[in-house]
$ cat protein-v3.cif   # mmCIF, C-alpha atoms
data_coords
loop_
_atom_site.group_PDB
_atom_site.id
_atom_site.type_symbol
_atom_site.label_atom_id
_atom_site.label_comp_id
_atom_site.auth_asym_id
_atom_site.auth_seq_id
_atom_site.Cartn_x
_atom_site.Cartn_y
_atom_site.Cartn_z
ATOM 1 C CA MET A 221 9.951 -14.711 -15.673
ATOM 2 C CA THR A 222 12.629 -17.186 -14.713
ATOM 3 C CA THR A 223 11.577 -18.981 -11.573
ATOM 4 C CA SER A 224 14.708 -20.932 -10.690
ATOM 5 C CA SER A 225 16.898 -18.871 -8.416
ATOM 6 C CA ARG A 226 19.616 -21.552 -8.152
ATOM 7 C CA ASN A 227 20.091 -20.865 -4.491
ATOM 8 C CA PRO A 228 21.253 -24.150 -2.908
ATOM 9 C CA ILE A 229 19.766 -23.348 0.513
ATOM 10 C CA LEU A 230 16.377 -22.607 -1.021
ATOM 11 C CA ILE A 231 16.436 -25.687 -3.257
ATOM 12 C CA THR A 232 17.535 -28.054 -0.485
ATOM 13 C CA ALA A 233 15.078 -26.675 2.040
ATOM 14 C CA SER A 234 12.094 -26.825 -0.291
ATOM 15 C CA ARG A 235 13.010 -30.283 -1.559
ATOM 16 C CA LEU A 236 13.165 -31.458 2.052
ATOM 17 C CA LEU A 237 9.926 -29.720 2.961
ATOM 18 C CA ALA A 238 7.758 -30.742 -0.003
ATOM 19 C CA PRO A 239 7.380 -34.459 0.849
ATOM 20 C CA PHE A 240 6.324 -33.617 4.397
ATOM 21 C CA ILE A 241 3.735 -31.136 3.116
ATOM 22 C CA GLN A 242 2.427 -33.862 0.820
ATOM 23 C CA LEU A 243 2.321 -36.384 3.647
ATOM 24 C CA PHE A 244 0.408 -33.976 5.851
ATOM 25 C CA ALA A 245 -1.955 -33.197 2.956
ATOM 26 C CA LEU A 246 -2.728 -36.901 2.567
ATOM 27 C CA TYR A 247 -3.290 -37.073 6.328
ATOM 28 C CA VAL A 248 -5.712 -34.130 6.108
ATOM 29 C CA ILE A 249 -7.635 -35.805 3.276
ATOM 30 C CA PHE A 250 -7.825 -39.269 4.812
ATOM 31 C CA HIS A 251 -8.322 -38.087 8.385
ATOM 32 C CA GLY A 252 -11.200 -35.856 7.355
ATOM 33 C CA HIS A 253 -13.595 -38.341 8.951
ATOM 34 C CA TYR A 254 -12.186 -37.845 12.411
ATOM 35 C CA GLY A 255 -10.794 -34.344 12.565
ATOM 36 C CA PRO A 256 -10.878 -31.053 10.770
ATOM 37 C CA GLY A 257 -9.981 -31.447 7.136
ATOM 38 C CA GLY A 258 -11.183 -32.956 3.918
ATOM 39 C CA GLY A 259 -10.698 -32.859 0.204
ATOM 40 C CA PHE A 260 -10.630 -29.103 -0.303
ATOM 41 C CA GLN A 261 -8.053 -28.399 2.397
ATOM 42 C CA GLY A 262 -5.883 -31.409 1.568
ATOM 43 C CA GLY A 263 -5.984 -30.599 -2.128
ATOM 44 C CA ALA A 264 -4.882 -27.039 -1.458
ATOM 45 C CA MET A 265 -1.937 -28.348 0.581
ATOM 46 C CA LEU A 266 -0.932 -30.812 -2.152
ATOM 47 C CA ALA A 267 -0.993 -27.904 -4.601
ATOM 48 C CA ALA A 268 1.114 -25.847 -2.190
ATOM 49 C CA SER A 269 3.816 -28.539 -2.157
ATOM 50 C CA VAL A 270 3.933 -28.660 -5.960
ATOM 51 C CA LEU A 271 3.975 -24.864 -6.216
ATOM 52 C CA LEU A 272 6.809 -24.697 -3.675
ATOM 53 C CA LEU A 273 8.875 -26.868 -6.001
ATOM 54 C CA ARG A 274 7.764 -24.842 -9.042
ATOM 55 C CA LEU A 275 9.029 -21.674 -7.356
ATOM 56 C CA SER A 276 12.269 -23.036 -5.965
ATOM 57 C CA VAL A 277 13.797 -25.637 -8.286
ATOM 58 C CA GLY A 278 12.302 -24.187 -11.462
ATOM 59 C CA ALA A 279 9.497 -25.140 -13.797
ATOM 60 C CA GLU A 280 11.423 -27.766 -15.801
ATOM 61 C CA ARG A 281 12.613 -29.926 -12.899
ATOM 62 C CA SER A 282 9.423 -29.596 -10.888
ATOM 63 C CA GLU A 283 7.586 -31.068 -13.883
ATOM 64 C CA LEU A 284 9.028 -34.398 -12.739
ATOM 65 C CA LYS A 285 6.592 -34.126 -9.834
ATOM 66 C CA PHE A 286 3.540 -32.835 -11.709
ATOM 67 C CA ARG A 287 3.580 -32.104 -15.436
ATOM 68 C CA LYS A 288 2.149 -28.877 -16.805
ATOM 69 C CA SER A 289 -0.092 -30.801 -19.170
ATOM 70 C CA TRP A 290 -1.669 -32.759 -16.300
ATOM 71 C CA GLY A 291 -3.648 -29.874 -14.817
ATOM 72 C CA THR A 292 -6.871 -30.227 -16.764
ATOM 73 C CA PRO A 293 -6.913 -34.054 -17.102
ATOM 74 C CA VAL A 294 -6.298 -34.691 -13.393
ATOM 75 C CA GLY A 295 -8.886 -32.065 -12.457
ATOM 76 C CA ALA A 296 -11.371 -33.780 -14.736
ATOM 77 C CA LEU A 297 -10.434 -37.140 -13.212
ATOM 78 C CA GLY A 298 -11.172 -35.818 -9.715
ATOM 79 C CA ALA A 299 -14.551 -34.455 -10.729
ATOM 80 C CA LEU A 300 -15.265 -37.743 -12.536
ATOM 81 C CA ILE A 301 -14.420 -39.811 -9.437
ATOM 82 C CA PHE A 302 -16.970 -37.758 -7.525
ATOM 83 C CA ALA A 303 -19.683 -37.889 -10.185
ATOM 84 C CA GLY A 304 -18.853 -41.525 -10.971
ATOM 85 C CA THR A 305 -19.442 -42.544 -7.352
ATOM 86 C CA GLY A 306 -22.855 -40.924 -7.571
ATOM 87 C CA LEU A 307 -23.638 -42.555 -10.910
ATOM 88 C CA LEU A 308 -22.486 -45.950 -9.627
ATOM 89 C CA THR A 309 -24.958 -45.849 -6.750
ATOM 90 C CA LEU A 310 -27.582 -44.648 -9.205
ATOM 91 C CA LEU A 311 -26.904 -47.631 -11.495
ATOM 92 C CA LEU A 312 -26.928 -50.115 -8.616
ATOM 93 C CA GLY A 313 -30.443 -49.214 -7.579
ATOM 94 C CA GLY A 314 -30.027 -46.345 -5.162
ATOM 95 C CA ARG A 315 -30.360 -42.625 -5.497
ATOM 96 C CA PHE A 316 -27.541 -40.296 -6.550
ATOM 97 C CA LEU A 317 -24.724 -40.460 -3.943
ATOM 98 C CA GLU A 318 -26.630 -42.935 -1.774
ATOM 99 C CA TYR A 319 -23.455 -44.628 -0.612
ATOM 100 C CA HIS A 320 -24.843 -47.793 0.913
ATOM 101 C CA TYR A 321 -25.440 -49.124 -2.611
ATOM 102 C CA LEU A 322 -21.687 -49.145 -3.319
ATOM 103 C CA PRO A 323 -20.452 -52.623 -4.333
ATOM 104 C CA LEU A 324 -18.047 -53.160 -1.416
ATOM 105 C CA PRO A 325 -18.424 -56.476 0.432
ATOM 106 C CA ASP A 326 -18.519 -57.066 4.192
ATOM 107 C CA LEU A 327 -19.291 -53.528 5.217
ATOM 108 C CA SER A 328 -22.229 -52.315 7.214
ATOM 109 C CA ARG A 329 -24.485 -49.551 5.944
ATOM 110 C CA ALA A 330 -22.738 -46.873 8.015
ATOM 111 C CA GLU A 331 -19.281 -48.112 6.992
ATOM 112 C CA LEU A 332 -20.327 -47.987 3.333
ATOM 113 C CA HIS A 333 -21.314 -44.356 3.830
ATOM 114 C CA SER A 334 -17.897 -43.765 5.383
ATOM 115 C CA ALA A 335 -16.191 -45.375 2.388
ATOM 116 C CA GLY A 336 -18.265 -43.317 -0.022
ATOM 117 C CA ILE A 337 -17.316 -40.121 1.756
ATOM 118 C CA LEU A 338 -13.650 -41.125 1.499
ATOM 119 C CA LEU A 339 -14.024 -41.769 -2.249
ATOM 120 C CA ILE A 340 -15.502 -38.387 -2.981
ATOM 121 C CA GLU A 341 -12.988 -36.629 -0.712
ATOM 122 C CA VAL A 342 -10.199 -38.162 -2.789
ATOM 123 C CA GLY A 343 -11.938 -36.911 -5.920
ATOM 124 C CA VAL A 344 -12.312 -33.416 -4.494
ATOM 125 C CA GLY A 345 -8.673 -33.395 -3.373
ATOM 126 C CA LEU A 346 -7.414 -34.405 -6.823
ATOM 127 C CA ALA A 347 -9.572 -31.800 -8.556
ATOM 128 C CA VAL A 348 -8.574 -28.947 -6.233
ATOM 129 C CA MET A 349 -4.870 -29.830 -6.400
ATOM 130 C CA ALA A 350 -4.810 -30.078 -10.199
ATOM 131 C CA VAL A 351 -6.825 -26.896 -10.703
ATOM 132 C CA LEU A 352 -4.666 -24.805 -8.363
ATOM 133 C CA VAL A 353 -1.429 -25.995 -9.982
ATOM 134 C CA GLY A 354 -3.009 -25.588 -13.412
ATOM 135 C CA ILE A 355 -3.995 -21.966 -12.753
ATOM 136 C CA TYR A 356 -0.432 -21.178 -11.664
ATOM 137 C CA ASP A 357 0.956 -22.803 -14.812
ATOM 138 C CA ASP A 358 -1.550 -20.953 -16.997
ATOM 139 C CA ILE A 359 -0.588 -17.613 -15.493
ATOM 140 C CA MET A 360 3.106 -18.376 -15.935
ATOM 141 C CA GLU A 361 2.555 -19.404 -19.538
ATOM 142 C CA GLY A 362 0.203 -16.494 -20.218
ATOM 143 C CA PRO A 363 0.301 -14.084 -23.156
ATOM 144 C CA GLY A 364 2.424 -11.503 -21.321
ATOM 145 C CA GLY A 365 5.093 -13.504 -19.514
ATOM 146 C CA ASP A 366 7.551 -16.100 -20.647
ATOM 147 C CA MET B 1258 -25.000 11.700 -8.169
ATOM 148 C CA ARG B 1259 -22.124 10.521 -6.065
ATOM 149 C CA LYS B 1260 -23.557 12.194 -2.972
ATOM 150 C CA THR B 1261 -26.953 10.533 -3.337
ATOM 151 C CA SER B 1262 -25.424 7.090 -3.747
ATOM 152 C CA LEU B 1263 -23.243 7.670 -0.678
ATOM 153 C CA ILE B 1264 -26.280 8.717 1.362
ATOM 154 C CA ALA B 1265 -28.215 5.696 0.091
ATOM 155 C CA LEU B 1266 -25.286 3.449 1.038
ATOM 156 C CA VAL B 1267 -25.107 4.833 4.570
ATOM 157 C CA LEU B 1268 -28.886 4.538 4.999
ATOM 158 C CA PHE B 1269 -28.843 0.964 3.737
ATOM 159 C CA GLY B 1270 -25.963 0.101 6.053
ATOM 160 C CA ALA B 1271 -27.856 1.567 8.982
ATOM 161 C CA LEU B 1272 -30.916 -0.467 7.994
ATOM 162 C CA LEU B 1273 -28.820 -3.654 7.888
ATOM 163 C CA LEU B 1274 -27.284 -2.912 11.305
ATOM 164 C CA TYR B 1275 -30.753 -2.240 12.716
ATOM 165 C CA ALA B 1276 -32.093 -5.487 11.231
ATOM 166 C CA SER B 1277 -29.148 -7.522 12.548
ATOM 167 C CA SER B 1278 -30.087 -6.555 16.108
ATOM 168 C CA GLY B 1279 -33.199 -8.698 15.705
ATOM 169 C CA LEU B 1280 -31.298 -11.864 14.757
ATOM 170 C CA PRO B 1281 -30.963 -14.691 17.308
ATOM 171 C CA GLY B 1282 -27.638 -14.914 19.135
ATOM 172 C CA HIS B 1283 -24.783 -16.980 17.718
ATOM 173 C CA GLY B 1284 -25.318 -20.598 18.777
ATOM 174 C CA ASP B 1285 -28.578 -19.788 20.544
ATOM 175 C CA PRO B 1286 -30.257 -23.162 21.188
ATOM 176 C CA ASP B 1287 -33.678 -21.547 20.820
ATOM 177 C CA GLY B 1288 -32.831 -19.937 17.463
ATOM 178 C CA PRO B 1289 -35.049 -20.953 14.538
ATOM 179 C CA SER B 1290 -32.339 -22.988 12.819
ATOM 180 C CA HIS B 1291 -31.594 -25.009 15.974
ATOM 181 C CA ARG B 1292 -35.125 -25.953 16.929
ATOM 182 C CA GLU B 1293 -36.231 -29.570 16.991
ATOM 183 C CA GLN B 1294 -39.294 -28.600 15.002
ATOM 184 C CA SER B 1295 -39.895 -25.656 12.745
ATOM 185 C CA ARG B 1296 -42.958 -23.475 13.213
ATOM 186 C CA VAL B 1297 -44.909 -25.452 10.651
ATOM 187 C CA GLY B 1298 -44.060 -28.726 12.403
ATOM 188 C CA SER B 1299 -41.414 -30.201 10.100
ATOM 189 C CA PRO B 1300 -38.349 -31.678 11.867
ATOM 190 C CA GLY B 1301 -35.339 -29.358 12.183
ATOM 191 C CA ALA B 1302 -32.295 -30.226 10.065
ATOM 192 C CA ALA B 1303 -29.563 -29.298 12.570
ATOM 193 C CA ALA B 1304 -30.925 -31.444 15.382
ATOM 194 C CA HIS B 1305 -31.359 -34.376 12.994
ATOM 195 C CA TYR B 1306 -27.774 -34.090 11.729
ATOM 196 C CA ILE B 1307 -26.288 -33.879 15.220
ATOM 197 C CA ARG B 1308 -28.260 -36.872 16.403
ATOM 198 C CA GLN B 1309 -27.894 -39.106 13.334
ATOM 199 C CA ALA B 1310 -24.489 -38.304 11.805
ATOM 200 C CA LYS B 1311 -22.451 -40.819 13.825
ATOM 201 C CA GLY B 1312 -24.881 -43.655 13.230
ATOM 202 C CA ASP B 1313 -25.462 -42.866 9.572
ATOM 203 C CA ALA B 1314 -21.866 -42.668 8.374
ATOM 204 C CA ALA B 1315 -19.683 -44.187 11.148
ATOM 205 C CA SER B 1316 -17.797 -40.919 11.369
ATOM 206 C CA PRO B 1317 -17.544 -38.668 14.434
ATOM 207 C CA ASN B 1318 -16.985 -35.548 12.315
ATOM 208 C CA ILE B 1319 -20.450 -34.097 11.755
ATOM 209 C CA VAL B 1320 -19.108 -31.432 9.388
ATOM 210 C CA THR B 1321 -17.684 -34.039 7.015
ATOM 211 C CA VAL B 1322 -20.877 -36.098 7.099
ATOM 212 C CA VAL B 1323 -23.022 -33.045 6.303
ATOM 213 C CA LEU B 1324 -20.630 -31.862 3.592
ATOM 214 C CA ALA B 1325 -20.111 -35.149 1.798
ATOM 215 C CA ASP B 1326 -23.169 -37.242 2.648
ATOM 216 C CA TYR B 1327 -26.289 -35.253 3.492
ATOM 217 C CA ARG B 1328 -25.277 -32.408 1.196
ATOM 218 C CA GLY B 1329 -23.170 -34.466 -1.206
ATOM 219 C CA PHE B 1330 -24.815 -33.056 -4.302
ATOM 220 C CA ASP B 1331 -23.934 -29.536 -3.187
ATOM 221 C CA THR B 1332 -20.285 -30.555 -2.800
ATOM 222 C CA LEU B 1333 -20.361 -32.069 -6.283
ATOM 223 C CA GLY B 1334 -21.471 -28.658 -7.544
ATOM 224 C CA GLU B 1335 -18.612 -26.981 -5.675
ATOM 225 C CA THR B 1336 -16.091 -29.355 -7.235
ATOM 226 C CA ILE B 1337 -17.513 -28.678 -10.696
ATOM 227 C CA VAL B 1338 -17.248 -24.925 -10.025
ATOM 228 C CA VAL B 1339 -13.575 -25.269 -9.030
ATOM 229 C CA PHE B 1340 -12.846 -27.404 -12.078
ATOM 230 C CA THR B 1341 -14.676 -24.986 -14.388
ATOM 231 C CA ALA B 1342 -12.624 -22.097 -12.980
ATOM 232 C CA GLY B 1343 -9.424 -23.979 -13.832
ATOM 233 C CA LEU B 1344 -10.724 -24.829 -17.285
ATOM 234 C CA VAL B 1345 -11.618 -21.208 -18.048
ATOM 235 C CA CYS B 1346 -8.202 -20.008 -16.818
ATOM 236 C CA SER B 1347 -6.605 -22.459 -19.210
ATOM 237 C CA LEU B 1348 -8.808 -21.300 -22.085
ATOM 238 C CA ILE B 1349 -8.173 -17.597 -21.477
ATOM 239 C CA LEU B 1350 -4.495 -17.614 -20.527
ATOM 240 C CA ARG B 1351 -2.893 -20.333 -22.632
ATOM 241 C CA ARG B 1352 -1.742 -19.591 -26.133
ATOM 242 C CA ASN B 1353 -2.739 -23.015 -27.440
ATOM 243 C CA PRO B 1354 -4.825 -24.829 -24.833
#
$ encode --input "protein-v3.cif" --output "structure tokens"
Amino acid sequence: MTTSSRNPILITASRLLAPFIQLFALYVIFHGHYGPGGGFQGGAMLAASVLLLRLSVGAERSELKFRKSWGTPVGALGALIFAGTGLLTLLLGGRFLEYHYLPLPDLSRAELHSAGILLIEVGVGLAVMAVLVGIYDDIMEGPGGD
Amino acid sequence: MRKTSLIALVLFGALLLYASSGLPGHGDPDGPSHREQSRVGSPGAAAHYIRQAKGDAASPNIVTVVLADYRGFDTLGETIVVFTAGLVCSLILRRNP
């Protein structure tokens, strides 16, 4: 299946739209403390922006944004950020994911918990984004299609 | 065979509907999950979260605090599940993963 339709209106519109989707996705991830949102939702939106480019400008050129080979490594990195945060607190004397043992200076106990939540939300967002894009790429590269 | 399973399905559905009439109302403050203390005297989780979330994690969004702090290990499991799903898709669908 050839994905690039070479329609200038489609390409221009999606290239204009994608950065704003990404910006809003970052807002959803980092504003998850104060409003609705978080890693899962923000990651899905990041994936949506990449998939929009995959569908409109074609697989080759959208690889400039997110390479096909990155799906699994970035997903693993996201899961590792999450698990690594937990292991770090474990190593520094706390229990698993007990955020106030994180080695960040000048923060109160509650603020350390806030920072820990932000860390794992970033990990979740990376994992969800990479996995969703990766599944799309796998299906496109599958045994049947080309 | 098909008829008996259909009848069993309808009967089971009716049983579920009947049982759901005994559940507490949605958001009922006197419902078992919203009580300050459970029947055996242990403190209720929901009331604790609502009261403590802001002070514990400096975040006004109780949902985020429950998801990522109180139930952080559960969210780690969810992330691993999502990642495993992607990994298995890659293993099944790619010609040379």
$ closest_atom_pairs --input "protein-v3.cif" --of "chain A" --to "chain B" --cutoff "7 Å" --atoms "only C-alpha atoms" --output "tab-separated table"
residue	atom	partner	partner_atom	distance
A:Gly252	CA	B:Thr1321	CA	6.7
A:His253	CA	B:Ser1316	CA	5.5
A:Tyr254	CA	B:Asn1318	CA	5.3
A:Gly255	CA	B:Asn1318	CA	6.3
A:Thr292	CA	B:Leu1344	CA	6.7
A:Gly295	CA	B:Phe1340	CA	6.1
A:Ala299	CA	B:Thr1336	CA	6.4
A:Phe302	CA	B:Leu1333	CA	6.7
A:Leu317	CA	B:Gly1329	CA	6.8
A:Ala330	CA	B:Ala1314	CA	4.3
A:Glu331	CA	B:Ala1315	CA	5.7
A:His333	CA	B:Ala1314	CA	4.9
A:Ser334	CA	B:Ala1314	CA	5.1
A:Ile337	CA	B:Ala1325	CA	5.7
A:Val344	CA	B:Thr1336	CA	6.2
A:Ala347	CA	B:Phe1340	CA	6.5
A:Val348	CA	B:Val1339	CA	6.8
A:Val351	CA	B:Gly1343	CA	5.0
A:Gly354	CA	B:Gly1343	CA	6.6
A:Ile355	CA	B:Gly1343	CA	5.9
A:Asp358	CA	B:Leu1350	CA	5.7
A:Ile359	CA	B:Leu1350	CA	6.4
A:Glu361	CA	B:Arg1351	CA	6.3
A:Gly362	CA	B:Leu1350	CA	4.8
A:Pro363	CA	B:Leu1350	CA	6.5
$ atom_distance --input "protein-v3.cif" --atom1 "atom CA of A:Arg235" --atom2 "atom CA of A:Phe286"
14.1 Å
$ resolve_selection --input "protein-v3.cif" --expression "the PyMOL selection byres ((chain A and resi 262-269) around 8)" --output "list in words"
Ala238, Pro239, Ile241, Gln242, Ala245, Leu246, Tyr247, Val248, Ile249, Gly257, Gly258, Gly259, Phe260, Gln261, Val270, Leu271, Leu272, Leu273, Val344, Gly345, Leu346, Ala347, Val348, Met349, Ala350, Leu352 and Val353 of chain A
$ write_last_selection --input "protein-v3.cif" --atoms "C-alpha atoms" --output "CSV table (one decimal), keeping the file's coordinate frame"
chain,number,residue,atom,x,y,z
A,238,ALA,CA,7.8,-30.7,0.0
A,239,PRO,CA,7.4,-34.5,0.8
A,241,ILE,CA,3.7,-31.1,3.1
A,242,GLN,CA,2.4,-33.9,0.8
A,245,ALA,CA,-2.0,-33.2,3.0
A,246,LEU,CA,-2.7,-36.9,2.6
A,247,TYR,CA,-3.3,-37.1,6.3
A,248,VAL,CA,-5.7,-34.1,6.1
A,249,ILE,CA,-7.6,-35.8,3.3
A,257,GLY,CA,-10.0,-31.4,7.1
A,258,GLY,CA,-11.2,-33.0,3.9
A,259,GLY,CA,-10.7,-32.9,0.2
A,260,PHE,CA,-10.6,-29.1,-0.3
A,261,GLN,CA,-8.1,-28.4,2.4
A,270,VAL,CA,3.9,-28.7,-6.0
A,271,LEU,CA,4.0,-24.9,-6.2
A,272,LEU,CA,6.8,-24.7,-3.7
A,273,LEU,CA,8.9,-26.9,-6.0
A,344,VAL,CA,-12.3,-33.4,-4.5
A,345,GLY,CA,-8.7,-33.4,-3.4
A,346,LEU,CA,-7.4,-34.4,-6.8
A,347,ALA,CA,-9.6,-31.8,-8.6
A,348,VAL,CA,-8.6,-28.9,-6.2
A,349,MET,CA,-4.9,-29.8,-6.4
A,350,ALA,CA,-4.8,-30.1,-10.2
A,352,LEU,CA,-4.7,-24.8,-8.4
A,353,VAL,CA,-1.4,-26.0,-10.0
$ atom_distance --input "protein-v3.cif" --atom1 "atom CA of A:Ile301" --atom2 "atom CA of A:Glu341"
9.4 Å
$ resolve_selection --input "protein-v3.cif" --expression "the PyMOL selection byres ((chain A and resi 321) around 12)" --output "MDAnalysis selection string"
chainID A and resid 305:320 322:325 327:333 335:336
$ atom_distance --input "protein-v3.cif" --atom1 "atom CA of A:Ala303" --atom2 "atom CA of B:Val1323"
17.5 Å
$ axis_aligned_box --input "protein-v3.cif" --around "stretch 1292-1303 of chain B" --padding-each-side "6 Å" --output "JSON"
{"center_x": -37.2, "center_y": -27.6, "center_z": 13.5, "size_x": 27.3, "size_y": 20.2, "size_z": 18.9}
$ decode --input "protein-v3.cif" --residues "stretch 1317-1351 of chain B" --atoms "C-alpha atoms" --output "tab-separated table (two decimals), in the first residue's frame"
chain	number	residue	atom	x	y	z
B	1317	PRO	CA	-4.47	19.21	42.98
B	1318	ASN	CA	-5.34	16.38	40.57
B	1319	ILE	CA	-6.34	13.47	42.79
B	1320	VAL	CA	-6.64	11.12	39.80
B	1321	THR	CA	-3.01	11.65	38.82
B	1322	VAL	CA	-1.81	11.20	42.40
B	1323	VAL	CA	-3.74	7.93	42.77
B	1324	LEU	CA	-2.61	6.68	39.36
B	1325	ALA	CA	1.06	7.52	39.61
B	1326	ASP	CA	1.80	7.67	43.34
B	1327	TYR	CA	-0.51	5.58	45.51
B	1328	ARG	CA	-1.02	3.01	42.76
B	1329	GLY	CA	2.28	3.58	40.97
B	1330	PHE	CA	3.14	-0.10	40.80
B	1331	ASP	CA	-0.14	-0.80	39.03
B	1332	THR	CA	0.68	1.86	36.43
B	1333	LEU	CA	4.10	0.30	35.94
B	1334	GLY	CA	2.31	-2.95	35.13
B	1335	GLU	CA	0.06	-1.15	32.63
B	1336	THR	CA	3.08	0.36	30.89
B	1337	ILE	CA	4.75	-3.05	30.70
B	1338	VAL	CA	1.53	-4.49	29.22
B	1339	VAL	CA	1.44	-1.77	26.53
B	1340	PHE	CA	5.11	-2.30	25.73
B	1341	THR	CA	4.69	-6.09	25.59
B	1342	ALA	CA	1.78	-5.66	23.16
B	1343	GLY	CA	4.02	-3.59	20.87
B	1344	LEU	CA	6.83	-6.11	21.18
B	1345	VAL	CA	4.56	-9.03	20.27
B	1346	CYS	CA	3.15	-7.12	17.27
B	1347	SER	CA	6.69	-6.59	16.07
B	1348	LEU	CA	7.55	-10.27	16.55
B	1349	ILE	CA	4.44	-11.54	14.75
B	1350	LEU	CA	4.14	-9.02	11.92
B	1351	ARG	CA	7.69	-8.16	10.92
